[in-house]
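Below is protein-v5.pdb, holding PDB, C-alpha atoms.
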ATOM      1  CA  MET W 653      27.705   7.777  -7.546
ATOM      2  CA  LYS W 654      26.162   4.792  -9.300
ATOM      3  CA  PRO W 655      22.539   5.370 -10.393
ATOM      4  CA  ASP W 656      19.791   3.594  -8.479
ATOM      5  CA  TYR W 657      18.610   1.778 -11.584
ATOM      6  CA  ASP W 658      22.019   0.176 -12.225
ATOM      7  CA  LEU W 659      22.294  -0.895  -8.592
ATOM      8  CA  ALA W 660      18.771  -2.312  -8.690
ATOM      9  CA  ARG W 661      19.610  -4.329 -11.830
ATOM     10  CA  GLU W 662      22.737  -5.705 -10.174
ATOM     11  CA  ALA W 663      20.767  -6.529  -7.027
ATOM     12  CA  ALA W 664      18.142  -8.279  -9.147
ATOM     13  CA  SER W 665      20.876 -10.493 -10.567
ATOM     14  CA  GLY W 666      21.748 -11.554  -7.008
ATOM     15  CA  GLN W 667      24.526  -9.115  -6.102
ATOM     16  CA  GLU W 668      23.741  -8.319  -2.518
ATOM     17  CA  ALA W 669      26.602  -5.787  -2.352
ATOM     18  CA  ALA W 670      24.705  -3.594  -4.826
ATOM     19  CA  TYR W 671      21.600  -3.876  -2.697
ATOM     20  CA  GLU W 672      23.565  -2.894   0.391
ATOM     21  CA  VAL W 673      24.504   0.363  -1.345
ATOM     22  CA  LEU W 674      20.806   1.026  -1.917
ATOM     23  CA  VAL W 675      19.985   0.175   1.702
ATOM     24  CA  ARG W 676      22.646   2.620   2.890
ATOM     25  CA  ARG W 677      21.429   5.265   0.468
ATOM     26  CA  TYR W 678      17.780   5.048   1.483
ATOM     27  CA  GLN W 679      17.806   3.797   5.055
ATOM     28  CA  GLY W 680      17.296   7.339   6.378
ATOM     29  CA  THR W 681      14.345   7.971   4.074
ATOM     30  CA  VAL W 682      12.648   4.648   4.818
ATOM     31  CA  ARG W 683      13.315   4.714   8.549
ATOM     32  CA  GLY W 684      12.192   8.341   8.696
ATOM     33  CA  LEU W 685       9.004   7.458   6.840
ATOM     34  CA  ALA W 686       8.328   4.503   9.144
ATOM     35  CA  HIS W 687       8.998   6.554  12.277
ATOM     36  CA  ARG W 688       6.631   9.270  11.107
ATOM     37  CA  LEU W 689       3.849   6.900  10.132
ATOM     38  CA  ALA W 690       4.069   4.290  12.865
ATOM     39  CA  LEU W 691       2.071   4.871  16.001
ATOM     40  CA  ASN W 692       4.430   2.845  18.089
ATOM     41  CA  PRO W 693       8.064   3.944  17.663
ATOM     42  CA  ALA W 694       9.272   0.429  18.501
ATOM     43  CA  GLU W 695       7.550  -0.969  15.425
ATOM     44  CA  ALA W 696       8.945   1.683  13.097
ATOM     45  CA  ASP W 697      12.259  -0.072  12.507
ATOM     46  CA  ASP W 698      10.437  -3.385  12.049
ATOM     47  CA  VAL W 699       8.385  -1.723   9.310
ATOM     48  CA  ALA W 700      11.548  -0.282   7.746
ATOM     49  CA  GLN W 701      13.296  -3.664   7.851
ATOM     50  CA  ALA W 702      10.278  -5.440   6.414
ATOM     51  CA  ALA W 703      10.197  -2.853   3.631
ATOM     52  CA  PHE W 704      13.814  -3.542   2.696
ATOM     53  CA  PHE W 705      13.259  -7.327   2.768
ATOM     54  CA  THR W 706      10.200  -7.007   0.556
ATOM     55  CA  ALA W 707      12.064  -4.676  -1.778
ATOM     56  CA  TRP W 708      14.877  -7.244  -2.048
ATOM     57  CA  ARG W 709      12.399  -9.981  -2.926
ATOM     58  CA  LYS W 710      10.663  -7.813  -5.496
ATOM     59  CA  ILE W 711      13.697  -5.991  -6.861
ATOM     60  CA  GLY W 712      13.336  -7.849 -10.145
ATOM     61  CA  SER W 713      10.003  -6.127 -10.670
ATOM     62  CA  PHE W 714      11.519  -2.626 -10.433
ATOM     63  CA  ARG W 715      11.163  -1.240 -13.942
ATOM     64  CA  GLY W 716      12.923   2.098 -13.585
ATOM     65  CA  GLY W 717      11.595   5.499 -12.590
ATOM     66  CA  SER W 718      12.165   6.746  -9.069
ATOM     67  CA  PHE W 719      13.625   4.010  -6.899
ATOM     68  CA  LYS W 720      12.874   6.112  -3.824
ATOM     69  CA  ALA W 721       9.194   6.331  -4.743
ATOM     70  CA  TRP W 722       9.096   2.571  -5.380
ATOM     71  CA  LEU W 723      10.740   1.868  -2.036
ATOM     72  CA  CYS W 724       8.555   4.350  -0.135
ATOM     73  CA  THR W 725       5.456   2.730  -1.653
ATOM     74  CA  ILE W 726       6.625  -0.639  -0.315
ATOM     75  CA  ALA W 727       7.349   0.917   3.094
ATOM     76  CA  TYR W 728       3.905   2.513   3.179
ATOM     77  CA  ARG W 729       2.285  -0.861   2.414
ATOM     78  CA  GLU W 730       4.360  -2.527   5.127
ATOM     79  CA  PHE W 731       3.129   0.148   7.519
ATOM     80  CA  LEU W 732      -0.478  -0.610   6.564
ATOM     81  CA  GLN W 733       0.102  -4.333   7.086
ATOM     82  CA  ALA W 734       1.697  -3.726  10.478
ATOM     83  CA  ARG W 735      -1.189  -1.495  11.492
ATOM     84  CA  ARG W 736      -3.743  -4.127  10.517
ATOM     85  CA  LYS W 737      -2.034  -6.523  12.919
ATOM     86  CA  GLN W 738      -2.262  -4.040  15.784
ATOM     87  CA  LYS W 739      -4.924  -4.306  18.438
ATOM     88  CA  PRO W 740      -7.972  -2.107  17.815
ATOM     89  CA  GLU W 741      -7.538  -0.119  21.022
ATOM     90  CA  ILE W 742      -4.299   1.450  19.836
ATOM     91  CA  GLU W 743      -5.556   2.378  16.388
ATOM     92  CA  PHE W 744      -5.258   6.029  15.433
ATOM     93  CA  ASP W 745      -8.183   8.124  16.563
ATOM     94  CA  GLU W 746      -8.700  10.886  13.998
ATOM     95  CA  SER W 747     -11.107  12.751  16.233
ATOM     96  CA  ALA W 748      -8.360  13.201  18.791
ATOM     97  CA  HIS W 749      -5.766  14.699  16.479
ATOM     98  CA  ILE W 750      -5.356  18.066  18.164
ATOM     99  CA  ILE W 751      -2.636  17.589  20.713
ATOM    100  CA  SER W 752      -1.234  20.521  22.614
ATOM    101  CA  PHE W 753       2.496  21.083  22.487
ATOM    102  CA  ASP W 754       4.666  20.010  25.303
ATOM    103  CA  THR W 755       6.408  23.264  26.192
ATOM    104  CA  SER W 756       9.501  21.369  27.332
ATOM    105  CA  ALA W 757      10.085  20.501  23.694
ATOM    106  CA  ALA W 758      10.811  24.123  22.832
ATOM    107  CA  ALA W 759      14.515  23.701  23.412
ATOM    108  CA  LEU W 760      14.799  20.618  21.263
ATOM    109  CA  GLY W 761      14.941  22.606  18.046
ATOM    110  CA  ASP W 762      12.993  22.926  14.840
ATOM    111  CA  GLN W 763      13.393  19.298  13.786
ATOM    112  CA  LEU W 764      11.790  17.904  16.888
ATOM    113  CA  ASP W 765       9.105  20.586  16.752
ATOM    114  CA  LEU W 766       8.351  19.566  13.210
ATOM    115  CA  GLU W 767       8.154  15.864  14.070
ATOM    116  CA  ARG W 768       5.846  16.641  16.968
ATOM    117  CA  ALA W 769       3.690  18.932  14.881
ATOM    118  CA  LEU W 770       3.455  16.187  12.274
ATOM    119  CA  LYS W 771       2.032  13.761  14.820
ATOM    120  CA  THR W 772      -0.851  16.156  15.455
ATOM    121  CA  LEU W 773      -2.134  15.980  11.883
ATOM    122  CA  PRO W 774      -5.118  13.786  10.987
ATOM    123  CA  GLU W 775      -3.903  10.438   9.691
ATOM    124  CA  ASN W 776      -4.565  10.826   5.962
ATOM    125  CA  GLN W 777      -3.082  14.311   5.994
ATOM    126  CA  ARG W 778      -0.084  12.999   7.881
ATOM    127  CA  ILE W 779       0.391  10.161   5.384
ATOM    128  CA  CYS W 780       0.352  12.576   2.442
ATOM    129  CA  VAL W 781       2.675  15.045   4.168
ATOM    130  CA  VAL W 782       5.077  12.261   5.121
ATOM    131  CA  LEU W 783       5.177  10.875   1.583
ATOM    132  CA  CYS W 784       5.345  14.190  -0.293
ATOM    133  CA  VAL W 785       7.022  16.640   2.061
ATOM    134  CA  ALA W 786       9.231  14.422   4.219
ATOM    135  CA  SER W 787      10.069  11.637   1.739
ATOM    136  CA  GLY W 788      10.050  13.833  -1.358
ATOM    137  CA  LEU W 789       7.569  11.894  -3.498
ATOM    138  CA  SER W 790       5.638  13.814  -6.129
ATOM    139  CA  HIS W 791       1.899  14.189  -5.636
ATOM    140  CA  SER W 792       1.205  11.629  -8.342
ATOM    141  CA  GLU W 793       3.681   9.158  -6.856
ATOM    142  CA  ALA W 794       1.980   9.563  -3.481
ATOM    143  CA  ALA W 795      -1.411   9.109  -5.120
ATOM    144  CA  ALA W 796      -0.194   5.880  -6.731
ATOM    145  CA  ALA W 797       1.259   4.656  -3.429
ATOM    146  CA  THR W 798      -1.776   5.392  -1.300
ATOM    147  CA  GLY W 799      -4.566   4.903  -3.782
ATOM    148  CA  PHE W 800      -5.942   8.361  -2.899
ATOM    149  CA  PRO W 801      -7.107  10.506  -5.823
ATOM    150  CA  LEU W 802      -4.489  13.047  -6.948
ATOM    151  CA  GLY W 803      -6.679  15.995  -5.911
ATOM    152  CA  THR W 804      -7.104  14.517  -2.438
ATOM    153  CA  VAL W 805      -3.350  14.113  -2.046
ATOM    154  CA  LYS W 806      -2.762  17.720  -3.100
ATOM    155  CA  SER W 807      -5.421  18.982  -0.751
ATOM    156  CA  HIS W 808      -4.087  16.904   2.179
ATOM    157  CA  VAL W 809      -0.565  18.159   1.519
ATOM    158  CA  ASN W 810      -1.720  21.781   1.270
ATOM    159  CA  ARG W 811      -3.667  21.624   4.492
ATOM    160  CA  GLY W 812      -0.987  19.628   6.273
ATOM    161  CA  VAL W 813       1.796  22.020   5.288
ATOM    162  CA  GLU W 814      -0.341  24.982   6.267
ATOM    163  CA  THR W 815      -1.063  23.446   9.661
ATOM    164  CA  LEU W 816       2.584  22.541  10.213
ATOM    165  CA  ARG W 817       3.685  26.094   9.404
ATOM    166  CA  LYS W 818       1.088  27.591  11.726
ATOM    167  CA  ARG W 819       2.053  25.317  14.587
ATOM    168  CA  LEU W 820       5.757  25.838  14.076
ATOM    169  CA  ALA W 821       5.244  29.609  13.980
ATOM    170  CA  THR W 822       3.088  29.561  17.090
ATOM    171  CA  HIS W 823       5.614  27.393  18.822
ATOM    172  CA  ASN W 824       8.568  29.582  17.854
ATOM    173  CA  VAL W 825       6.753  32.728  19.048
ATOM    174  CA  ALA W 826       5.730  31.139  22.343
TER     175      ALA W 826
ATOM    176  CA  MET N1190      -2.493  24.850  -6.491
ATOM    177  CA  GLN N1191       0.346  23.799  -4.226
ATOM    178  CA  THR N1192       3.582  22.862  -5.953
ATOM    179  CA  ASP N1193       6.439  20.737  -4.697
ATOM    180  CA  GLU N1194       8.737  23.761  -4.390
ATOM    181  CA  GLN N1195       6.599  25.471  -1.799
ATOM    182  CA  TYR N1196       7.662  23.254   1.050
ATOM    183  CA  ASP N1197      11.338  22.833   0.288
ATOM    184  CA  ASP N1198      12.220  24.331   3.671
ATOM    185  CA  LEU N1199      10.190  21.660   5.482
ATOM    186  CA  THR N1200      11.610  18.916   3.245
ATOM    187  CA  ALA N1201      15.117  20.089   4.134
ATOM    188  CA  LEU N1202      14.283  19.921   7.840
ATOM    189  CA  PHE N1203      12.935  16.387   7.486
ATOM    190  CA  ALA N1204      15.995  15.404   5.447
ATOM    191  CA  GLU N1205      18.255  16.526   8.288
ATOM    192  CA  THR N1206      16.368  14.233  10.656
ATOM    193  CA  ASP N1207      16.638  11.381   8.148
ATOM    194  CA  GLU N1208      20.356  11.990   7.868
ATOM    195  CA  ALA N1209      20.650  11.504  11.616
ATOM    196  CA  LEU N1210      18.974   8.088  11.260
ATOM    197  CA  GLN N1211      21.893   6.668   9.233
ATOM    198  CA  ASN N1212      23.023   3.642  11.164
ATOM    199  CA  ASP N1213      25.362   0.753  10.332
ATOM    200  CA  VAL N1214      23.578  -1.552  12.776
ATOM    201  CA  PHE N1215      20.342  -1.175  10.852
ATOM    202  CA  VAL N1216      22.096  -1.931   7.548
ATOM    203  CA  LYS N1217      23.613  -5.050   9.134
ATOM    204  CA  GLN N1218      20.213  -6.179  10.425
ATOM    205  CA  VAL N1219      18.764  -5.846   6.933
ATOM    206  CA  MET N1220      21.662  -7.397   5.043
ATOM    207  CA  GLN N1221      22.393 -10.413   7.268
ATOM    208  CA  PRO N1222      19.252 -12.423   6.434
ATOM    209  CA  ILE N1223      19.549 -11.385   2.787
ATOM    210  CA  ARG N1224      23.129 -12.671   2.601
ATOM    211  CA  LYS N1225      22.093 -15.931   4.281
ATOM    212  CA  ARG N1226      19.314 -16.348   1.774
ATOM    213  CA  VAL N1227      21.626 -15.646  -1.159
ATOM    214  CA  ARG N1228      24.111 -18.182   0.233
ATOM    215  CA  TRP N1229      21.451 -20.926   0.340
ATOM    216  CA  ARG N1230      19.562 -20.016  -2.783
ATOM    217  CA  ALA N1231      22.189 -20.962  -5.378
ATOM    218  CA  PRO N1232      23.136 -24.375  -3.896
ATOM    219  CA  LEU N1233      19.453 -25.142  -3.406
ATOM    220  CA  LEU N1234      18.536 -24.254  -6.975
ATOM    221  CA  PHE N1235      21.559 -25.939  -8.508
ATOM    222  CA  GLY N1236      21.112 -28.975  -6.235
ATOM    223  CA  ALA N1237      17.487 -29.372  -7.202
ATOM    224  CA  GLY N1238      18.357 -28.799 -10.843
ATOM    225  CA  GLY N1239      21.183 -31.343 -10.637
ATOM    226  CA  ILE N1240      18.888 -33.980  -9.169
ATOM    227  CA  GLY N1241      16.381 -33.301 -11.920
ATOM    228  CA  VAL N1242      19.013 -33.564 -14.647
ATOM    229  CA  GLY N1243      20.401 -36.751 -13.080
ATOM    230  CA  ALA N1244      16.971 -38.305 -12.982
ATOM    231  CA  ALA N1245      16.261 -37.303 -16.550
ATOM    232  CA  VAL N1246      19.598 -38.638 -17.831
ATOM    233  CA  SER N1247      19.182 -41.935 -15.985
ATOM    234  CA  GLN N1248      15.763 -42.437 -17.545
ATOM    235  CA  ALA N1249      16.658 -41.187 -21.007
ATOM    236  CA  SER N1250      18.268 -44.337 -22.444
ATOM    237  CA  GLY N1251      15.481 -46.612 -21.219
ATOM    238  CA  LEU N1252      12.806 -44.256 -22.466
ATOM    239  CA  ILE N1253      14.440 -43.847 -25.869
ATOM    240  CA  ASP N1254      14.554 -47.652 -26.265
ATOM    241  CA  VAL N1255      10.931 -48.013 -25.288
ATOM    242  CA  ILE N1256       9.791 -45.122 -27.488
ATOM    243  CA  SER N1257      11.804 -46.239 -30.533
ATOM    244  CA  ALA N1258      10.538 -49.803 -30.117
ATOM    245  CA  ARG N1259       6.934 -48.596 -29.941
ATOM    246  CA  THR N1260       7.046 -45.864 -32.552
ATOM    247  CA  PRO N1261       6.062 -48.022 -35.574
ATOM    248  CA  THR N1262       3.038 -49.294 -33.672
ATOM    249  CA  VAL N1263       1.982 -45.761 -32.846
ATOM    250  CA  GLU N1264       2.288 -44.707 -36.474
ATOM    251  CA  VAL N1265       0.025 -47.498 -37.692
ATOM    252  CA  THR N1266      -2.776 -47.299 -35.235
ATOM    253  CA  LEU N1267      -3.817 -45.749 -31.948
ATOM    254  CA  GLN N1268      -3.658 -48.436 -29.355
ATOM    255  CA  PRO N1269      -4.311 -48.406 -25.624
ATOM    256  CA  VAL N1270      -1.279 -47.273 -23.591
ATOM    257  CA  ASP N1271       1.284 -50.001 -23.541
ATOM    258  CA  VAL N1272       2.033 -51.219 -20.049
ATOM    259  CA  THR N1273       5.753 -51.640 -20.888
ATOM    260  CA  LEU N1274       6.406 -47.874 -20.737
ATOM    261  CA  TYR N1275       4.569 -47.600 -17.449
ATOM    262  CA  GLU N1276       6.447 -50.574 -16.024
ATOM    263  CA  THR N1277       9.811 -49.197 -17.156
ATOM    264  CA  ILE N1278       9.202 -45.941 -15.319
ATOM    265  CA  MET N1279       7.768 -47.580 -12.248
ATOM    266  CA  ALA N1280      10.696 -49.977 -12.027
ATOM    267  CA  GLN N1281      12.752 -47.113 -10.601
ATOM    268  CA  PRO N1282      10.298 -45.228  -8.404
ATOM    269  CA  MET N1283      13.123 -43.516  -6.485
ATOM    270  CA  TRP N1284      14.208 -41.631  -9.595
ATOM    271  CA  VAL N1285      10.661 -40.700 -10.414
ATOM    272  CA  ALA N1286      10.209 -39.370  -6.890
ATOM    273  CA  ALA N1287      13.510 -37.486  -7.094
ATOM    274  CA  ALA N1288      12.560 -35.919 -10.417
ATOM    275  CA  ALA N1289       9.125 -34.940  -9.124
ATOM    276  CA  MET N1290      10.657 -33.494  -5.965
ATOM    277  CA  SER N1291      13.173 -31.438  -7.901
ATOM    278  CA  VAL N1292      10.447 -30.044 -10.134
ATOM    279  CA  LEU N1293       8.316 -29.202  -7.103
ATOM    280  CA  SER N1294      11.292 -27.609  -5.295
ATOM    281  CA  CYS N1295      12.099 -25.430  -8.283
ATOM    282  CA  ALA N1296       8.444 -24.428  -8.626
ATOM    283  CA  ALA N1297       8.229 -23.581  -4.910
ATOM    284  CA  ILE N1298      11.394 -21.485  -5.047
ATOM    285  CA  ILE N1299      10.200 -19.621  -8.134
ATOM    286  CA  ALA N1300       6.796 -19.037  -6.547
ATOM    287  CA  ALA N1301       8.423 -17.718  -3.353
ATOM    288  CA  GLU N1302      10.723 -15.449  -5.352
ATOM    289  CA  ARG N1303       7.824 -13.936  -7.253
ATOM    290  CA  ALA N1304       5.503 -13.576  -4.269
TER     291      ALA N1304
END

Final structure tokens representation of the file:
Amino acid sequence: MKPDYDLAREAASGQEAAYEVLVRRYQGTVRGLAHRLALNPAEADDVAQAAFFTAWRKIGSFRGGSFKAWLCTIAYREFLQARRKQKPEIEFDESAHIISFDTSAAALGDQLDLERALKTLPENQRICVVLCVASGLSHSEAAAATGFPLGTVKSHVNRGVETLRKRLATHNVA
Amino acid sequence: MQTDEQYDDLTALFAETDEALQNDVFVKQVMQPIRKRVRWRAPLLFGAGGIGVGAAVSQASGLIDVISARTPTVEVTLQPVDVTLYETIMAQPMWVAAAAMSVLSCAAIIAAERA
């Protein structure tokens, strides 16, 4: 498997075939990230697409390191831009983050339970969990992407993971 | 302090969901506009560059004559700008416009690429 850096260099020189390999390699990660962050599922793929377009335009500025982290940072920023364009009435309400589980979801398996549990987290916690736990960024990469202090990211991830585990356990027992 | 290893199980669960999101249609949707752009970019850049080079070449001989004819004067004393140079350039305004347009096009493309 060709390394990300080599593919990115080839893409930067205009070889779209190399970029397509990167899109295939990371489409799941970026789409997953967008689906978990976006409030409206319909906009999630738009965010993911916009992220890949922006990454293509800026591929020349990729200077090595983790391509996934670089791409996820772009996707996160596209999510923020998309959210700014949304109407105020559908903005995330942090005070209303505790949502009871739909018991009909019990049969849909651990993955769906996890995705649902994720949606119940407060927004900043959810962002940090999505970037670090779901997308696999390090705490410092997530801190660089979000602009949150490193300690805040760690604390959000800790609390988020703890909450997810509790809810999954409760749900599995129920 | 929490370390990355402590939620590997959750990461694996998320990764399974991500795996299920693999979709050729999405890749196509991303790559189609990119391919179109790549297809237009090279002819546009080379076209604009070609126009610029053409304009420069067409003006070169006239400019060299004017400059070489005026060089001794410039060496002796600083004089007000000679109208001959200005008139030579303005005699072919189409080429001047073409050269300016090509420079602007290249600048716009470069600016868009770096944005």

Quiz prompt | Check: which chain N residues lie within 6 Å of chain W using all atoms listed in the file, as a ChimeraX atom specification | solution = /N:1200,1203,1207-1208,1210-1211,1219

Quiz prompt | Pick from W:Leu659, W:Ala797, W:Ile779, W:Ala670, whichever lies nearest to Trp722 (chain W) using only C-alpha atoms | solution = W:Ala797

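Across the model, the gap from CA of Gln738 (chain W) to CA of Ala707 (chain W) is 22.7 Å.
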
Practice problem: Tell me, in Å to one decimal, how far CA of Ala694 (chain W) is from CA of Ala1209 (chain N). | Solution: 17.3 Å

Exercise. Any chance you could resolve the PyMOL selection byres ((chain W and resi 731-735) around 8) against this file and give the residues as a PyMOL selection string?
Key: chain W and resi 686+689-690+699+727-730+736-738+743

Practice problem: Apply the PyMOL selection byres ((chain W and resi 773) around 8) to the file shown and report the selected residues as a PyMOL selection string. | Solution: chain W and resi 749-750+769-772+774-775+777-778+812+815

Quiz item: If I put a ball of radius 12 Å at (12.9, -47.1, -15.6) in the file's coordinates, which residues poke into it when counting only C-alpha atoms, written as number ranges by chain?
Solution: N: 1244-1255, 1273-1286

Quiz item: Which is closest to Asp658 (chain W) among W:Glu793, W:Gly717, W:Thr822, W:Pro693, if we use all atoms listed in the file?
Solution: W:Gly717

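What separates CA of Ile1223 (chain N) from CA of Asn692 (chain W) is a distance of 25.8 Å.
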
Practice problem: Find the residues near Val1292 (chain N): any atom within 9 Å, counting only C-alpha atoms, skip ones fewer than 3 places away on the same chain, and give them as a PyMOL selection string. | Solution: chain N and resi 1237-1238+1241+1287-1289+1295-1297
